[in-house]
>>> print(open('coords-v6.json').read())   # JSON, C-alpha atoms and all ligand atoms
[["chain", "number", "residue", "atom", "x", "y", "z"],
["F", 639, "MET", "CA", 202.45, 130.17, 51.51],
["F", 640, "PRO", "CA", 199.08, 129.87, 53.34],
["F", 641, "SER", "CA", 198.98, 127.80, 56.51],
["F", 642, "LEU", "CA", 196.80, 124.99, 57.82],
["F", 643, "ASP", "CA", 196.19, 125.10, 61.56],
["F", 644, "ILE", "CA", 194.12, 122.81, 63.76],
["F", 645, "CYS", "CA", 191.95, 123.84, 66.70],
["F", 646, "PHE", "CA", 191.55, 120.74, 68.88],
["F", 647, "SER", "CA", 188.37, 121.88, 70.63],
["F", 648, "PRO", "CA", 185.73, 124.61, 70.28],
["F", 649, "GLU", "CA", 186.84, 125.76, 73.75],
["F", 650, "LEU", "CA", 190.15, 126.84, 72.18],
["F", 651, "LEU", "CA", 188.50, 128.88, 69.43],
["F", 652, "PRO", "CA", 188.87, 132.21, 71.29],
["F", 653, "LEU", "CA", 192.62, 131.75, 70.76],
["F", 654, "TYR", "CA", 192.19, 131.56, 66.97],
["F", 655, "ASP", "CA", 191.33, 134.46, 64.72],
["F", 656, "LEU", "CA", 189.18, 132.95, 61.97],
["F", 657, "ARG", "CA", 188.64, 136.22, 60.10],
["F", 658, "GLY", "CA", 189.88, 136.04, 56.51],
["F", 659, "LYS", "CA", 190.32, 132.26, 56.78],
["F", 660, "VAL", "CA", 188.57, 129.08, 55.77],
["F", 661, "ALA", "CA", 187.12, 127.08, 58.68],
["F", 662, "VAL", "CA", 186.73, 123.34, 58.12],
["F", 663, "VAL", "CA", 184.41, 122.10, 60.86],
["F", 664, "VAL", "CA", 184.77, 118.41, 61.62],
["F", 665, "ASP", "CA", 182.85, 115.99, 63.81],
["F", 666, "ILE", "CA", 183.71, 112.62, 62.29],
["F", 667, "LEU", "CA", 181.50, 110.76, 64.79],
["F", 668, "ARG", "CA", 179.01, 111.59, 63.62],
["F", 669, "ALA", "CA", 177.55, 115.03, 62.90],
["F", 670, "THR", "CA", 179.61, 116.12, 59.90],
["F", 671, "SER", "CA", 179.59, 112.61, 58.39],
["F", 672, "SER", "CA", 175.79, 112.62, 58.70],
["F", 673, "ILE", "CA", 175.52, 116.09, 57.14],
["F", 674, "VAL", "CA", 177.58, 114.98, 54.11],
["F", 675, "THR", "CA", 175.44, 111.85, 53.83],
["F", 676, "ALA", "CA", 172.17, 113.78, 54.12],
["F", 677, "LEU", "CA", 173.03, 116.18, 51.30],
["F", 678, "ALA", "CA", 174.25, 113.29, 49.15],
["F", 679, "ALA", "CA", 170.92, 111.54, 49.78],
["F", 680, "GLY", "CA", 169.01, 114.50, 48.32],
["F", 681, "VAL", "CA", 168.31, 116.68, 51.36],
["F", 682, "THR", "CA", 168.03, 120.21, 49.93],
["F", 683, "HIS", "CA", 169.72, 122.04, 52.81],
["F", 684, "ILE", "CA", 170.49, 121.72, 56.50],
["F", 685, "VAL", "CA", 169.95, 124.27, 59.25],
["F", 686, "PRO", "CA", 172.18, 123.56, 62.27],
["F", 687, "PHE", "CA", 171.03, 124.57, 65.76],
["F", 688, "SER", "CA", 172.77, 124.60, 69.11],
["F", 689, "GLU", "CA", 169.56, 124.19, 71.12],
["F", 690, "LEU", "CA", 166.91, 121.46, 71.01],
["F", 691, "GLU", "CA", 163.84, 123.69, 71.26],
["F", 692, "ALA", "CA", 164.78, 126.00, 68.38],
["F", 693, "CYS", "CA", 165.51, 122.94, 66.25],
["F", 694, "ARG", "CA", 162.25, 121.20, 67.12],
["F", 695, "ALA", "CA", 160.28, 124.35, 66.26],
["F", 696, "MET", "CA", 161.41, 124.04, 62.62],
["F", 697, "ALA", "CA", 158.98, 121.14, 62.14],
["F", 698, "ALA", "CA", 156.22, 123.76, 61.88],
["F", 699, "GLN", "CA", 157.98, 125.11, 58.78],
["F", 700, "GLY", "CA", 158.02, 121.71, 57.10],
["F", 701, "TYR", "CA", 161.52, 120.66, 58.11],
["F", 702, "LEU", "CA", 162.54, 117.18, 59.10],
["F", 703, "THR", "CA", 164.11, 117.49, 62.52],
["F", 704, "ALA", "CA", 167.19, 115.62, 63.73],
["F", 705, "ALA", "CA", 168.62, 115.70, 67.23],
["F", 706, "GLU", "CA", 171.22, 113.86, 69.27],
["F", 707, "ARG", "CA", 172.23, 114.25, 72.89],
["F", 708, "ASP", "CA", 174.81, 111.98, 74.52],
["F", 709, "GLY", "CA", 174.81, 109.78, 71.44],
["F", 710, "GLN", "CA", 171.08, 109.04, 71.48],
["F", 711, "GLN", "CA", 168.23, 110.38, 69.38],
["F", 712, "ALA", "CA", 166.43, 113.08, 71.38],
["F", 713, "GLU", "CA", 162.74, 112.50, 72.01],
["F", 714, "GLY", "CA", 160.25, 114.15, 69.70],
["F", 715, "PHE", "CA", 162.53, 114.39, 66.65],
["F", 716, "ASP", "CA", 162.23, 112.61, 63.30],
["F", 717, "LEU", "CA", 165.87, 111.53, 63.17],
["F", 718, "GLY", "CA", 168.89, 111.06, 65.41],
["F", 719, "ASN", "CA", 172.47, 111.52, 64.25],
["F", 720, "SER", "CA", 173.09, 108.28, 62.41],
["F", 721, "PRO", "CA", 174.09, 108.69, 58.75],
["F", 722, "PHE", "CA", 171.90, 105.64, 58.09],
["F", 723, "GLY", "CA", 168.85, 107.70, 59.02],
["F", 724, "TYR", "CA", 169.29, 109.29, 55.59],
["F", 725, "LEU", "CA", 169.99, 106.02, 53.82],
["F", 726, "ASP", "CA", 167.71, 103.34, 55.16],
["F", 727, "GLY", "CA", 164.58, 104.64, 53.39],
["F", 728, "VAL", "CA", 162.40, 104.50, 56.53],
["F", 729, "LEU", "CA", 161.88, 108.26, 56.23],
["F", 730, "PRO", "CA", 161.88, 109.82, 52.72],
["F", 731, "VAL", "CA", 164.47, 112.62, 52.87],
["F", 732, "ARG", "CA", 164.95, 113.59, 49.21],
["F", 733, "GLY", "CA", 163.76, 117.14, 48.56],
["F", 734, "ARG", "CA", 163.38, 117.95, 52.27],
["F", 735, "GLY", "CA", 165.18, 120.51, 54.43],
["F", 736, "VAL", "CA", 166.61, 119.20, 57.71],
["F", 737, "ALA", "CA", 167.00, 121.11, 60.99],
["F", 738, "ILE", "CA", 169.67, 119.43, 63.12],
["F", 739, "THR", "CA", 171.17, 119.80, 66.58],
["F", 740, "THR", "CA", 173.92, 117.61, 68.06],
["F", 741, "THR", "CA", 175.97, 117.70, 71.24],
["F", 742, "ASN", "CA", 179.19, 119.06, 69.72],
["F", 743, "GLY", "CA", 179.08, 119.30, 65.93],
["F", 744, "THR", "CA", 176.40, 121.92, 65.38],
["F", 745, "ARG", "CA", 177.81, 123.99, 68.24],
["F", 746, "ALA", "CA", 181.26, 123.97, 66.59],
["F", 747, "LEU", "CA", 179.66, 125.17, 63.35],
["F", 748, "HIS", "CA", 178.02, 128.14, 65.04],
["F", 749, "LEU", "CA", 181.24, 129.05, 66.83],
["F", 750, "SER", "CA", 183.15, 129.14, 63.51],
["F", 751, "LEU", "CA", 181.05, 131.73, 61.70],
["F", 752, "ALA", "CA", 183.68, 134.48, 61.93],
["F", 753, "ALA", "CA", 185.59, 132.71, 59.14],
["F", 754, "ASP", "CA", 185.39, 133.88, 55.51],
["F", 755, "ALA", "CA", 184.10, 130.46, 54.50],
["F", 756, "VAL", "CA", 182.75, 127.65, 56.68],
["F", 757, "VAL", "CA", 182.68, 124.16, 55.22],
["F", 758, "VAL", "CA", 181.90, 120.72, 56.61],
["F", 759, "GLY", "CA", 184.63, 118.10, 56.65],
["F", 760, "ALA", "CA", 184.49, 114.34, 57.10],
["F", 761, "PHE", "CA", 186.65, 111.44, 55.96],
["F", 762, "LEU", "CA", 183.84, 110.76, 53.48],
["F", 763, "ASN", "CA", 184.49, 114.01, 51.61],
["F", 764, "LEU", "CA", 188.18, 114.57, 52.42],
["F", 765, "ALA", "CA", 189.20, 115.03, 48.76],
["F", 766, "ALA", "CA", 186.45, 117.62, 48.18],
["F", 767, "VAL", "CA", 187.56, 119.54, 51.29],
["F", 768, "ALA", "CA", 191.22, 119.48, 50.19],
["F", 769, "GLN", "CA", 190.28, 120.72, 46.74],
["F", 770, "PHE", "CA", 188.22, 123.60, 48.14],
["F", 771, "VAL", "CA", 190.89, 124.71, 50.61],
["F", 772, "ARG", "CA", 193.50, 124.53, 47.84],
["F", 773, "GLN", "CA", 191.32, 126.63, 45.51],
["F", 774, "GLN", "CA", 190.71, 129.27, 48.17],
["F", 775, "GLY", "CA", 194.46, 129.61, 48.70],
["F", 776, "LYS", "CA", 194.07, 131.31, 52.08],
["F", 777, "ASP", "CA", 194.89, 130.27, 55.64],
["F", 778, "ALA", "CA", 192.65, 127.49, 56.88],
["F", 779, "VAL", "CA", 191.76, 126.15, 60.32],
["F", 780, "VAL", "CA", 190.32, 122.72, 61.02],
["F", 781, "VAL", "CA", 187.85, 123.20, 63.88],
["F", 782, "CYS", "CA", 187.51, 119.89, 65.74],
["F", 783, "ALA", "CA", 184.14, 119.52, 67.46],
["F", 784, "GLY", "CA", 185.69, 117.22, 70.11],
["F", 785, "TRP", "CA", 183.50, 115.91, 72.90],
["F", 786, "LYS", "CA", 182.01, 118.40, 75.38],
["F", 787, "GLY", "CA", 185.05, 120.65, 75.05],
["F", 788, "MET", "CA", 187.59, 117.84, 75.16],
["F", 789, "PHE", "CA", 190.13, 116.71, 72.56],
["F", 790, "ASN", "CA", 189.23, 113.64, 70.54],
["F", 791, "LEU", "CA", 191.23, 111.32, 68.32],
["F", 792, "GLU", "CA", 188.96, 111.06, 65.28],
["F", 793, "ASP", "CA", 188.58, 114.79, 64.52],
["F", 794, "THR", "CA", 192.30, 115.33, 65.07],
["F", 795, "LEU", "CA", 193.09, 112.49, 62.67],
["F", 796, "PHE", "CA", 190.99, 114.20, 60.03],
["F", 797, "GLY", "CA", 193.18, 117.30, 60.53],
["F", 798, "GLY", "CA", 196.28, 115.15, 60.02],
["F", 799, "ALA", "CA", 194.84, 113.56, 56.88],
["F", 800, "LEU", "CA", 193.96, 116.97, 55.43],
["F", 801, "ALA", "CA", 197.43, 118.30, 56.28],
["F", 802, "GLN", "CA", 199.00, 115.40, 54.40],
["F", 803, "ARG", "CA", 196.86, 116.10, 51.33],
["F", 804, "LEU", "CA", 197.80, 119.81, 51.39],
["F", 805, "GLU", "CA", 201.46, 119.63, 52.39],
["F", 806, "ALA", "CA", 202.77, 120.70, 48.96],
["F", 807, "GLU", "CA", 200.79, 123.95, 48.87],
["F", 808, "PHE", "CA", 200.26, 124.80, 52.56],
["F", 809, "ASP", "CA", 202.50, 125.34, 55.54],
["F", 810, "THR", "CA", 201.66, 122.31, 57.66],
["F", 811, "THR", "CA", 204.71, 122.39, 59.93],
["F", 812, "SER", "CA", 204.67, 125.76, 61.74],
["F", 813, "SER", "CA", 201.84, 124.90, 64.09],
["F", 814, "ASP", "CA", 202.50, 122.27, 66.76],
["F", 815, "ALA", "CA", 198.83, 121.31, 66.56],
["F", 816, "THR", "CA", 199.14, 120.48, 62.86],
["F", 817, "LEU", "CA", 202.43, 118.66, 63.44],
["F", 818, "ALA", "CA", 200.86, 116.57, 66.18],
["F", 819, "ALA", "CA", 197.85, 115.75, 63.99],
["F", 820, "ARG", "CA", 200.14, 114.71, 61.13],
["F", 821, "HIS", "CA", 202.11, 112.43, 63.45],
["F", 822, "LEU", "CA", 198.90, 110.90, 64.73],
["F", 823, "TRP", "CA", 197.66, 110.33, 61.18],
["F", 824, "GLN", "CA", 200.89, 108.50, 60.32],
["F", 825, "GLN", "CA", 200.53, 106.44, 63.48],
["F", 826, "ALA", "CA", 197.00, 105.43, 62.47],
["F", 827, "GLN", "CA", 198.19, 103.89, 59.18],
["F", 828, "PRO", "CA", 197.59, 101.50, 57.54],
["F", 829, "ASP", "CA", 194.33, 100.70, 59.35],
["F", 830, "LEU", "CA", 192.43, 103.77, 60.54],
["F", 831, "SER", "CA", 189.46, 101.75, 61.67],
["F", 832, "THR", "CA", 191.49, 99.48, 63.98],
["F", 833, "TYR", "CA", 193.47, 102.45, 65.31],
["F", 834, "LEU", "CA", 190.27, 104.27, 66.21],
["F", 835, "LEU", "CA", 188.88, 101.40, 68.25],
["F", 836, "GLN", "CA", 190.71, 102.95, 71.22],
["F", 837, "SER", "CA", 188.86, 106.27, 70.84],
["F", 838, "ALA", "CA", 186.52, 107.16, 73.71],
["F", 839, "HIS", "CA", 183.66, 108.03, 71.39],
["F", 840, "VAL", "CA", 184.00, 104.80, 69.41],
["F", 841, "ARG", "CA", 183.65, 102.92, 72.71],
["F", 842, "ARG", "CA", 180.66, 105.11, 73.60],
["F", 843, "LEU", "CA", 179.00, 104.42, 70.23],
["F", 844, "ASN", "CA", 179.73, 100.70, 70.48],
["F", 845, "ASN", "CA", 177.90, 100.66, 73.82],
["F", 846, "LEU", "CA", 174.96, 102.24, 71.99],
["F", 847, "GLU", "CA", 175.25, 99.55, 69.29],
["F", 848, "ALA", "CA", 176.21, 102.13, 66.68],
["F", 849, "ASN", "CA", 179.33, 100.30, 65.45],
["F", 850, "LYS", "CA", 177.87, 100.21, 61.93],
["F", 851, "ASP", "CA", 177.95, 104.03, 62.00],
["F", 852, "PHE", "CA", 181.60, 103.99, 63.02],
["F", 853, "GLU", "CA", 182.65, 101.72, 60.13],
["F", 854, "TYR", "CA", 180.71, 103.95, 57.74],
["F", 855, "CYS", "CA", 182.20, 107.24, 59.00],
["F", 856, "VAL", "CA", 185.85, 106.13, 58.68],
["F", 857, "GLN", "CA", 185.62, 105.52, 54.92],
["F", 858, "LEU", "CA", 187.78, 107.87, 52.83],
["F", 859, "ASP", "CA", 186.70, 109.88, 49.77],
["F", 860, "THR", "CA", 183.36, 108.24, 49.15],
["F", 861, "HIS", "CA", 181.47, 111.51, 48.53],
["F", 862, "ASP", "CA", 182.52, 114.24, 46.11],
["F", 863, "LEU", "CA", 180.43, 116.84, 47.91],
["F", 864, "LEU", "CA", 181.22, 119.86, 50.06],
["F", 865, "PRO", "CA", 178.59, 121.28, 52.43],
["F", 866, "ILE", "CA", 179.18, 125.02, 52.68],
["F", 867, "TRP", "CA", 177.56, 127.58, 54.99],
["F", 868, "ARG", "CA", 175.49, 130.16, 53.12],
["F", 869, "GLU", "CA", 173.04, 132.51, 54.81],
["F", 870, "GLY", "CA", 172.31, 130.39, 57.86],
["F", 871, "ARG", "CA", 172.16, 127.02, 56.15],
["F", 872, "LEU", "CA", 174.42, 124.32, 54.80],
["F", 873, "ILE", "CA", 173.95, 123.60, 51.11],
["V", 901, "LIG", "O1", 178.51, 115.48, 69.36],
["V", 901, "LIG", "C1", 178.04, 115.44, 68.25],
["V", 901, "LIG", "O2", 177.82, 116.43, 67.57],
["V", 901, "LIG", "C2", 177.63, 114.09, 67.72],
["V", 901, "LIG", "O3", 178.17, 113.90, 66.46],
["V", 901, "LIG", "C3", 177.93, 112.99, 68.69],
["V", 901, "LIG", "S1", 177.24, 111.44, 68.28],
["V", 901, "LIG", "O4", 178.18, 110.69, 67.46],
["V", 901, "LIG", "O5", 175.99, 111.60, 67.59],
["V", 901, "LIG", "O6", 177.06, 110.72, 69.54]]
>>> encode(input="coords-v6.json", output="structure tokens", more="lines below")
Ligand code: 3SL
Amino acid sequence: MPSLDICFSPELLPLYDLRGKVAVVVDILRATSSIVTALAAGVTHIVPFSELEACRAMAAQGYLTAAERDGQQAEGFDLGNSPFGYLDGVLPVRGRGVAITTTNGTRALHLSLAADAVVVGAFLNLAAVAQFVRQQGKDAVVVCAGWKGMFNLEDTLFGGALAQRLEAEFDTTSSDATLAARHLWQQAQPDLSTYLLQSAHVRRLNNLEANKDFEYCVQLDTHDLLPIWREGRLI
């Protein structure tokens, strides 16, 4: 039986061998939720960057550029990291490519490229992620983007939710990390949104008046879409 493991922070990735496995990269607040939303809104593809300058330079190739540092839109970019940037119609996004860099999410993506397949997970597309991992039938690791190397509640809860969806076909009990995430997920029921109010990043976003983003990102199964890494881009 294949296993589902959870890496609580990109800093722990050197302890995981991703080769031959599926990596599900997750940054619930907000990078991976925004990436799912962008593709659903008609963005053709997304190129993730770790560094601001390389991302900004993509404007010359016709890309929309999106950047966040410490929760705020970085200066000189078209978009920040709010999913509503792709929904509010202020900037037409349909048919455009987007170059994006965020504090933790895009870094976690780049650090996961040793895996056989790299996909983007969010609560919004949880069912699509579960279906893909099931179809692949190989070991999978949820890579939590965390916050500047630290553990966070929301990405871990996604790992617990995915483990619950896959428990019939995957070993979700051999890894203490997966067990802990499952326990946390149970603890967060029946009201994920209220449970997450204690999360450090939710408090950070609320201080930035991004509580609308938080409520949006904790919705389950709203998008039947799976961003997958192919040749340097997410499609
Ligand atoms: O760290 C990240 O990648 C971001 O998702 C953080 S924020 O929600 O945009 O502040």
>>> atom_distance(input="coords-v6.json", atom1="atom CA of F:His861", atom2="atom CA of F:Arg841")
25.8 Å
>>> residues_near_point(input="coords-v6.json", point="(179.6, 130.5, 53.6)", cutoff="8 Å", atoms="only C-alpha atoms", output="number ranges by chain")
F: 754-757, 866-869
>>> atom_distance(input="coords-v6.json", atom1="atom CA of F:Val781", atom2="atom CA of F:Ser647")
6.9 Å
>>> residues_near_ligand(input="coords-v6.json", ligand="ligand LIG 901 (chain V)", cutoff="7 Å", atoms="all atoms listed in the file", output="list of chain:residue names")
F:Asp665, F:Leu667, F:Arg668, F:Ala669, F:Glu706, F:Arg707, F:Asp708, F:Gly709, F:Gln710, F:Asn719, F:Ser720, F:Thr740, F:Thr741, F:Asn742, F:Gly743, F:Thr744, F:Trp785, F:Leu843
>>> atom_distance(input="coords-v6.json", atom1="atom CA of F:Val731", atom2="atom CA of F:Ile684")
11.5 Å
>>> closest_residue(input="coords-v6.json", among="F:Gln802, F:Gln857, F:Asn849, F:Ser813", to="F:Asp829", atoms="only C-alpha atoms")
F:Gln857
>>> closest_residue(input="coords-v6.json", among="F:Ala679, F:Ile873, F:Leu764, F:Leu795", to="F:Leu858", atoms="all atoms listed in the file")
F:Leu764
>>> closest_residue(input="coords-v6.json", among="F:Val674, F:Met788, F:Leu804, F:Leu729", to="F:Met639", atoms="all atoms listed in the file")
F:Leu804
>>> closest_residue(input="coords-v6.json", among="F:Leu822, F:Cys855, F:Ala768, F:Ala752", to="F:Ala806", atoms="all atoms listed in the file")
F:Ala768
>>> axis_aligned_box(input="coords-v6.json", around="stretch 639-650 of chain F", padding_each_side="8 Å", output="lines of an AutoDock Vina configuration file")
center_x = 194.1
center_y = 125.5
center_z = 62.6
size_x = 32.7
size_y = 25.4
size_z = 38.2
